[in-house]
Each structure stands twice: as C-alpha cells, then as structure tokens.
>>> print(open('protein.txt').read())   # compact mmCIF, C-alpha atoms
# COMPACT_ATOMS: atom_id res chain seq x y z
CA MET K 1 12.81 9.23 -43.22
CA HIS K 2 13.90 5.66 -42.52
CA SER K 3 17.60 4.89 -43.01
CA LEU K 4 16.74 2.29 -45.68
CA GLN K 5 14.84 4.86 -47.72
CA ALA K 6 17.72 7.32 -47.39
CA ALA K 7 20.11 4.61 -48.56
CA GLU K 8 17.89 3.88 -51.55
CA LEU K 9 17.78 7.56 -52.48
CA TYR K 10 21.55 7.82 -52.22
CA ALA K 11 22.09 4.57 -54.14
CA ALA K 12 19.71 5.59 -56.90
CA ASP K 13 21.66 8.78 -57.50
CA SER K 14 25.05 7.10 -57.01
CA ASN K 15 24.26 4.37 -59.55
CA MET K 16 23.43 6.96 -62.16
CA THR K 17 26.59 8.88 -61.33
CA ALA K 18 28.72 5.74 -61.61
CA ALA K 19 27.15 4.83 -64.94
CA ALA K 20 27.91 8.24 -66.34
CA GLY K 21 31.44 8.16 -64.96
CA GLY K 22 32.42 5.42 -67.37
CA ARG K 23 31.33 7.43 -70.38
CA ALA K 24 33.95 10.14 -70.09
CA GLU K 25 36.96 11.02 -68.03
CA GLY K 26 36.92 14.15 -65.91
CA ALA K 27 34.05 16.55 -65.57
CA VAL K 28 31.18 16.21 -68.04
CA ARG K 29 29.71 19.42 -69.41
CA CYS K 30 26.09 20.08 -68.45
CA LEU K 31 23.89 19.84 -71.53
CA CYS K 32 21.63 22.59 -70.20
CA ASP K 33 24.41 25.19 -70.06
CA GLY K 34 23.78 27.89 -72.59
CA LEU K 35 20.10 27.08 -73.12
CA GLU K 36 18.08 30.25 -73.36
CA GLY K 37 14.80 30.75 -71.50
CA SER K 38 13.29 28.22 -69.14
CA VAL K 39 14.65 24.69 -69.16
CA SER K 40 12.01 21.96 -69.55
CA ASN K 41 11.70 18.73 -67.59
CA ASP K 42 12.74 16.85 -70.72
CA ASP K 43 15.94 18.91 -70.99
CA LEU K 44 16.83 18.28 -67.35
CA VAL K 45 16.09 14.56 -67.58
CA ARG K 46 18.08 14.25 -70.80
CA CYS K 47 21.10 15.88 -69.20
CA TYR K 48 20.82 13.84 -66.00
CA GLN K 49 20.55 10.55 -67.89
CA ALA K 50 23.48 11.43 -70.16
CA THR K 51 25.88 13.02 -67.68
CA ALA K 52 24.53 12.33 -64.17
CA CYS K 53 24.50 16.08 -63.63
CA ARG K 54 23.52 16.61 -60.00
CA ARG K 55 22.61 20.22 -60.62
CA CYS K 56 20.03 19.20 -63.23
CA LEU K 57 18.64 16.54 -60.90
CA GLU K 58 18.23 19.09 -58.10
CA ARG K 59 16.55 21.52 -60.51
CA LEU K 60 14.22 18.73 -61.62
CA LEU K 61 13.33 17.82 -58.03
CA ASP K 62 12.80 21.43 -57.00
CA GLY K 63 10.78 22.20 -60.11
CA ASN K 64 8.39 19.32 -59.49
CA THR K 65 7.82 19.89 -55.78
CA ARG K 66 4.24 21.01 -56.38
CA LEU K 67 3.62 17.87 -58.43
CA LEU K 68 4.96 15.74 -55.58
CA HIS K 69 2.68 17.43 -53.03
CA HIS K 70 -0.24 16.94 -55.43
CA VAL K 71 0.44 13.18 -55.46
CA LEU K 72 0.71 13.13 -51.66
CA LYS K 73 -2.81 14.57 -51.36
CA ARG K 74 -4.10 11.15 -52.46
CA PHE K 75 -2.65 9.69 -49.26
CA GLN K 76 -3.68 12.41 -46.84
CA TYR K 77 -5.42 9.94 -44.51
CA ALA K 78 -2.53 7.47 -44.41
CA GLN K 79 -1.27 6.88 -40.88
CA GLU K 80 2.29 7.81 -41.79
CA PRO K 81 4.28 11.00 -41.05
CA TYR K 82 3.94 13.37 -43.98
CA GLU K 83 7.71 13.91 -44.04
CA ASP K 84 8.28 10.15 -44.50
CA LEU K 85 5.85 10.01 -47.43
CA LEU K 86 7.47 13.13 -48.89
CA GLN K 87 10.87 11.44 -48.90
CA VAL K 88 9.43 8.25 -50.40
CA GLY K 89 7.78 10.30 -53.14
CA ARG K 90 11.05 12.13 -53.75
CA LEU K 91 12.77 8.78 -54.21
CA GLY K 92 10.08 7.93 -56.77
CA LEU K 93 10.83 11.19 -58.59
CA VAL K 94 14.53 10.27 -58.79
CA LYS K 95 13.61 6.84 -60.18
CA ALA K 96 11.32 8.50 -62.73
CA ALA K 97 14.23 10.69 -63.85
CA GLN K 98 16.41 7.61 -64.30
CA ARG K 99 13.86 5.52 -66.22
CA PHE K 100 11.94 8.09 -68.30
CA ASP K 101 11.93 7.39 -72.05
CA ALA K 102 10.92 10.46 -74.05
CA THR K 103 10.64 8.40 -77.26
CA LEU K 104 7.43 6.80 -75.96
CA GLY K 105 5.64 10.12 -76.37
CA HIS K 106 4.52 10.61 -72.75
CA ALA K 107 5.07 13.80 -70.75
CA PHE K 108 7.58 13.44 -67.93
CA SER K 109 5.04 14.72 -65.41
CA THR K 110 2.58 11.95 -66.36
CA TYR K 111 5.23 9.28 -65.96
CA ALA K 112 6.56 10.80 -62.72
CA VAL K 113 3.10 10.83 -61.12
CA ALA K 114 2.69 7.10 -61.84
CA VAL K 115 6.12 6.24 -60.44
CA MET K 116 5.71 8.37 -57.29
CA ASP K 117 2.22 6.97 -56.68
CA GLY K 118 3.52 3.42 -57.03
CA GLU K 119 6.49 4.06 -54.76
CA ILE K 120 4.27 5.46 -51.98
CA ARG K 121 1.77 2.61 -52.30
CA HIS K 122 4.58 0.08 -52.09
CA HIS K 123 5.90 1.80 -48.96
CA LEU K 124 2.47 1.78 -47.31
CA ARG K 125 1.81 -1.83 -48.24
CA ASP K 126 5.13 -2.92 -46.74
CA GLY K 127 4.35 -0.94 -43.59
CA VAL K 128 0.96 -2.62 -43.21
CA LEU K 129 2.41 -6.04 -43.92
CA MET K 130 5.18 -5.69 -41.34
CA ARG K 131 2.60 -4.86 -38.65
CA GLN K 132 0.70 -8.08 -39.28
CA PRO K 133 1.53 -11.21 -37.24
CA ARG K 134 4.45 -13.31 -38.42
CA TRP K 135 2.17 -16.20 -39.42
CA ALA K 136 0.14 -13.84 -41.63
CA ARG K 137 3.27 -12.53 -43.37
CA THR K 138 4.47 -16.09 -43.90
CA ALA K 139 1.11 -17.15 -45.36
CA TYR K 140 0.99 -14.10 -47.63
CA LYS K 141 4.50 -14.78 -48.94
CA LYS K 142 3.53 -18.40 -49.58
CA ILE K 143 0.45 -17.27 -51.52
CA GLU K 144 2.47 -14.83 -53.64
CA GLU K 145 5.11 -17.46 -54.44
CA ALA K 146 2.47 -20.06 -55.36
CA GLN K 147 0.70 -17.57 -57.62
CA SER K 148 3.97 -16.63 -59.39
CA THR K 149 4.95 -20.28 -59.89
CA PHE K 150 1.51 -21.16 -61.24
CA TYR K 151 1.59 -18.24 -63.69
CA ALA K 152 5.06 -19.25 -64.95
CA GLN K 153 3.81 -22.78 -65.61
CA HIS K 154 0.35 -22.04 -67.05
CA SER K 155 0.57 -18.45 -68.38
CA ARG K 156 -2.46 -17.49 -66.32
CA PHE K 157 -3.24 -16.70 -62.72
CA PRO K 158 -4.77 -19.45 -60.58
CA SER K 159 -8.35 -19.34 -59.38
CA PHE K 160 -8.89 -19.04 -55.63
CA THR K 161 -9.75 -22.73 -55.50
CA GLU K 162 -6.50 -23.65 -57.27
CA LEU K 163 -4.53 -21.26 -55.10
CA ALA K 164 -6.10 -22.71 -51.97
CA GLU K 165 -5.01 -26.21 -53.03
CA LEU K 166 -1.46 -25.02 -53.67
CA VAL K 167 -0.98 -23.40 -50.25
CA ASN K 168 -3.26 -25.75 -48.27
CA ILE K 169 -5.44 -22.96 -46.93
CA THR K 170 -9.19 -22.72 -47.44
CA PRO K 171 -10.31 -20.29 -50.21
CA GLU K 172 -11.92 -18.12 -47.52
CA GLY K 173 -8.62 -18.10 -45.64
CA VAL K 174 -6.67 -17.13 -48.77
CA LEU K 175 -9.03 -14.20 -49.32
CA GLU K 176 -8.70 -13.14 -45.68
CA VAL K 177 -4.88 -13.12 -45.82
CA ILE K 178 -4.84 -11.21 -49.11
CA ARG K 179 -7.40 -8.74 -47.79
CA ALA K 180 -5.30 -7.97 -44.74
CA CYS K 181 -1.82 -8.02 -46.25
CA SER K 182 -2.16 -6.70 -49.80
CA GLN K 183 -1.63 -3.14 -51.02
CA PRO K 184 -3.90 -0.48 -49.49
CA GLU K 185 -6.72 0.64 -51.74
CA LEU K 186 -6.89 4.25 -52.91
CA SER K 187 -10.48 4.52 -51.72
CA THR K 188 -9.34 3.78 -48.18
CA LEU K 189 -6.51 6.29 -48.39
CA GLU K 190 -8.84 9.05 -49.54
CA SER K 191 -11.55 8.43 -46.96
CA PRO K 192 -11.41 9.76 -43.40
CA ASP K 193 -13.49 6.75 -42.39
CA GLY K 194 -10.75 4.33 -43.51
CA ALA K 195 -7.81 3.48 -41.31
CA ALA K 196 -5.29 3.91 -44.11
CA GLY K 197 -1.85 2.65 -43.28
CA GLU K 198 -3.16 0.60 -40.36
CA PRO K 199 -3.19 -3.21 -40.51
CA ILE K 200 -6.62 -4.71 -41.15
CA PRO K 201 -7.59 -7.06 -38.30
CA LEU K 202 -7.36 -10.72 -39.28
CA SER K 203 -10.09 -13.20 -38.52
CA GLY K 204 -8.41 -16.46 -37.58
CA ARG K 205 -11.74 -18.28 -37.66
CA VAL K 206 -11.79 -18.51 -41.47
CA ILE K 207 -8.08 -19.26 -42.03
CA ARG K 208 -7.87 -23.03 -41.86
CA SER K 209 -5.97 -25.85 -43.56
CA LEU K 210 -7.72 -27.73 -46.36
CA ARG K 211 -6.16 -31.08 -45.49
CA HIS K 212 -3.99 -32.70 -42.84
CA GLN K 213 -0.24 -32.88 -43.48
CA SER K 214 2.02 -35.25 -41.58
CA PHE K 215 4.41 -33.60 -39.10
CA SER K 216 2.76 -30.21 -39.62
CA LEU K 217 0.21 -28.38 -37.49
CA PRO K 218 -2.99 -27.33 -39.29
CA MET K 219 -3.06 -23.63 -40.14
CA GLU K 220 -5.73 -22.84 -37.55
CA ASP K 221 -3.68 -24.52 -34.79
CA ARG K 222 -0.54 -22.63 -35.81
CA ILE K 223 -2.45 -19.34 -35.69
CA ALA K 224 -3.76 -20.15 -32.22
CA LEU K 225 -0.27 -21.11 -31.05
CA TYR K 226 1.42 -17.98 -32.44
CA GLU K 227 -1.30 -15.80 -30.96
CA ALA K 228 -0.83 -17.44 -27.57
CA ILE K 229 2.95 -17.05 -27.77
CA SER K 230 2.49 -13.33 -28.46
CA HIS K 231 0.92 -13.01 -24.98
CA LEU K 232 4.09 -14.28 -23.26
CA SER K 233 6.76 -11.95 -21.96
CA GLU K 234 9.67 -11.16 -24.27
CA ALA K 235 11.99 -13.36 -22.19
CA GLN K 236 9.53 -16.26 -22.31
CA ARG K 237 9.08 -15.90 -26.08
CA ARG K 238 12.84 -16.00 -26.52
CA LEU K 239 13.11 -19.10 -24.36
CA ILE K 240 10.30 -20.92 -26.21
CA TYR K 241 11.90 -20.02 -29.53
CA LEU K 242 15.28 -21.44 -28.51
CA LEU K 243 13.85 -24.59 -26.99
CA PHE K 244 11.20 -25.55 -29.52
CA PHE K 245 12.01 -23.72 -32.76
CA ARG K 246 15.79 -24.05 -32.66
CA ASP K 247 15.59 -27.33 -30.72
CA LEU K 248 18.29 -26.44 -28.19
CA THR K 249 18.70 -28.29 -24.92
CA GLN K 250 17.98 -26.54 -21.62
CA GLN K 251 21.72 -26.33 -20.92
CA GLU K 252 22.40 -24.80 -24.37
CA VAL K 253 19.64 -22.24 -23.77
CA ALA K 254 21.07 -21.50 -20.35
CA ASP K 255 24.52 -20.88 -21.86
CA GLU K 256 23.10 -18.56 -24.53
CA LEU K 257 20.92 -16.55 -22.14
CA GLY K 258 23.37 -16.45 -19.26
CA MET K 259 21.10 -18.45 -16.95
CA THR K 260 21.39 -21.67 -15.01
CA GLN K 261 19.82 -24.85 -16.37
CA ARG K 262 17.51 -24.93 -13.33
CA SER K 263 16.32 -21.37 -14.05
CA VAL K 264 15.59 -22.30 -17.67
CA SER K 265 13.60 -25.32 -16.50
CA ARG K 266 11.50 -23.20 -14.11
CA GLU K 267 10.88 -20.49 -16.73
CA GLN K 268 9.96 -23.12 -19.32
CA HIS K 269 7.41 -24.58 -16.92
CA ARG K 270 5.87 -21.13 -16.31
CA ALA K 271 5.74 -20.34 -20.04
CA LEU K 272 4.17 -23.67 -20.98
CA THR K 273 1.62 -23.37 -18.17
CA LYS K 274 0.61 -19.95 -19.44
CA LEU K 275 0.42 -21.22 -23.05
CA LYS K 276 -1.79 -24.11 -21.95
CA ALA K 277 -4.14 -21.72 -20.16
CA LEU K 278 -4.31 -19.39 -23.17
CA LEU K 279 -4.92 -22.19 -25.66
CA THR K 280 -7.57 -23.75 -23.43
CA LYS K 281 -9.49 -20.48 -23.50
CA LYS K 282 -9.71 -20.80 -27.32
CA ILE K 283 -8.53 -17.32 -28.15
CA PHE K 284 -10.31 -17.35 -31.49
>>> encode(input="protein.txt", output="structure tokens")
Amino acid sequence: MHSLQAAELYAADSNMTAAAGGRAEGAVRCLCDGLEGSVSNDDLVRCYQATACRRCLERLLDGNTRLLHHVLKRFQYAQEPYEDLLQVGRLGLVKAAQRFDATLGHAFSTYAVAVMDGEIRHHLRDGVLMRQPRWARTAYKKIEEAQSTFYAQHSRFPSFTELAELVNITPEGVLEVIRACSQPELSTLESPDGAAGEPIPLSGRVIRSLRHQSFSLPMEDRIALYEAISHLSEAQRRLIYLLFFRDLTQQEVADELGMTQRSVSREQHRALTKLKALLTKKIF
C-alpha cells in the first residue's frame, strides 16, 4: 500500500474520531452494546457515525470483507498488486461508512459497492495518468479545466469542436489525449486481452495545434521536443531543464550542480547535438 493511501485511510478515520470527540467529553458508550443477536451493517454504521467507535468500524470492515473481494473481482486483470487494490477498496469502505445516509432507503452494501468501485477506478486512472508523458498529463489537465469552465458558464458540456478551440488542439488530438489519460473502462479491466492499468500508447501524429500562437511552440513540436528530451541521460535532462526551462546561466547551473562552467558548456553542447539528431530523425 502506498504511503499516501495509508495516510488517507488514517485521516479518514481520524477525522471521524475528531468530529465525534467534540460531541461529548470522555469515553462515548458504544450504541451496539447490549444489542441481542447479530448486529446489522446499519447498526454498526449508525454507531460509528455517532460515536466514532473504532470497534464498530473494525466489525464493519471485517464483516464486509467478502463484499470487498467481490468488488475486486471486477479488476482482476488490472496491472496492480492485489494487496494495493485491497487497501484502496478498504479505504472506500471506510468512506462509505462515513457518508452513508440510511434515510435515502438504500442498503449499505449497495452504497458501499459503488463507493469502493469508484475509489479503485480513481486509483487506477491516476496510476495510468502518472505513467503518461508530462506533456500528455499537462494537455489532459488543460482539457479538464476548459471543460469545467465551459460548463460553469454555459450549463452544458462543450462539443469536441468547442473544446478543441478552447485548448488549441485539434479535435482528433483532444480525443487521443482523453482516450489515453481518462479513467480505465470496465470492459478493459474484465478482459484478459486488455492491458488494464497500463498506459495506452499515444499517437503524436494526430495531436496538433489548431492555430499558431506567438511565443509558443505548436503542440506537435512540443511533443517532439519532450519525446527527444526523454532520450537524454538524466544528467543531461537536468541540465537542459535548468538552462532552458528555468533560464539559468551556465555559471548558475554549474554552482547548482557542483560543476565548472566549462563542464556545463561541454555537456550542453553534447545534449543539444543529441537533441538535434533526434529531432532530425522525426521521431513521430
């Protein structure tokens, strides 16, 4: 389990505990004490929401283990360790316990399945997105922000043509970025033929700018540049970043990297020569 997920699980439980702490001083009596027969999910959730009773939360988690494994079967072909997905699903179960509203008339198990499923999908989508190139993640974020802004202004989602105009990427390019970076589809996760949890290869040939913008490289040129930079050594990538993205002088780069200015100059020449050769080959 990733440390961030563990922190979320701890925070989710701690927030509920803190909220309950303000309702009464000292220990709060468990509402399930004294109940005869088996205790239902609703009883355990009611007690946890009212008193932050850790014992009831543990009983709820243990009692719904089979339900959690049932949800995980939907993602059996995801390229993620089962234990990681189990912990993500468990976090979803805790969130379901916190947010469940019995007055809506739904069974807790129905609500919990939806929350756990959503939590796992969100985890897989983020994993896929983080394995895509930086330019793709940046483009996807730009598309999401443009779509949200458009919806807030017009109370509807933009068409692909409108979205393309907003982000200055061709409609085909918008579709390609969304296809590669959006949430994994259930059909892929359930099929042994699908590479669930693996990033979908991007085709840079269709991701192009709609129009020229002053002082900005067209999208297709940026993709080619970032792809070429990815072929440099880690040291060369760092040097190029400092020189051309942070706009430091050779002496400032030398001071930061513990090199001489002459060494920086030589390494810059090697890196740029390699970039020129890669770009001349037309990677895409």
>>> atom_distance(input="protein.txt", atom1="atom CA of K:Thr249", atom2="atom CA of K:Thr273")
19.0 Å
>>> closest_residue(input="protein.txt", among="K:His122, K:Lys141, K:Arg55, K:Arg66", to="K:Leu85", atoms="all atoms listed in the file")
K:His122
>>> atom_distance(input="protein.txt", atom1="atom CA of K:Thr51", atom2="atom CA of K:Thr103")
18.6 Å
>>> closest_residue(input="protein.txt", among="K:Cys56, K:Ala146, K:Val177, K:Leu124", to="K:Glu162", atoms="all atoms listed in the file")
K:Ala146
>>> closest_residue(input="protein.txt", among="K:Leu60, K:His70, K:Ala271, K:Ser159", to="K:Glu234", atoms="only C-alpha atoms")
K:Ala271
>>> closest_residue(input="protein.txt", among="K:Arg134, K:His154, K:Lys274, K:His69", to="K:Val88", atoms="only C-alpha atoms")
K:His69
>>> atom_distance(input="protein.txt", atom1="atom CA of K:Ala277", atom2="atom CA of K:Tyr140")
29.0 Å
>>> closest_residue(input="protein.txt", among="K:Leu175, K:Ala52, K:Tyr226, K:Leu257", to="K:Arg238", atoms="all atoms listed in the file")
K:Leu257
>>> residues_around(input="protein.txt", residues="stretch 89-100 of chain K", least_positions_apart="4", cutoff="7 Å", atoms="all atoms listed in the file", output="JSON list (two decimals) with C-alpha atoms, keeping the file's coordinate frame")
[["chain", "number", "residue", "atom", "x", "y", "z"],
["K", 9, "LEU", "CA", 17.78, 7.56, -52.48],
["K", 45, "VAL", "CA", 16.09, 14.56, -67.58],
["K", 49, "GLN", "CA", 20.55, 10.55, -67.89],
["K", 68, "LEU", "CA", 4.96, 15.74, -55.58],
["K", 85, "LEU", "CA", 5.85, 10.01, -47.43],
["K", 108, "PHE", "CA", 7.58, 13.44, -67.93],
["K", 111, "TYR", "CA", 5.23, 9.28, -65.96],
["K", 112, "ALA", "CA", 6.56, 10.80, -62.72],
["K", 115, "VAL", "CA", 6.12, 6.24, -60.44],
["K", 116, "MET", "CA", 5.71, 8.37, -57.29],
["K", 119, "GLU", "CA", 6.49, 4.06, -54.76],
["K", 120, "ILE", "CA", 4.27, 5.46, -51.98]]
>>> residues_around(input="protein.txt", residues="K:Ser265", least_positions_apart="4", cutoff="8 Å", atoms="all atoms listed in the file", output="PyMOL selection string")
chain K and resi 250+261+269
>>> residues_around(input="protein.txt", residues="K:Glu144", least_positions_apart="5", cutoff="12 Å", atoms="only C-alpha atoms", output="ChimeraX atom specification")
/K:137-139,149-151,157-158,163-164,166-167,174,177-178,181-182
>>> closest_residue(input="protein.txt", among="K:Asp43, K:Asp117, K:Glu58, K:Glu227", to="K:Ala102", atoms="all atoms listed in the file")
K:Asp43
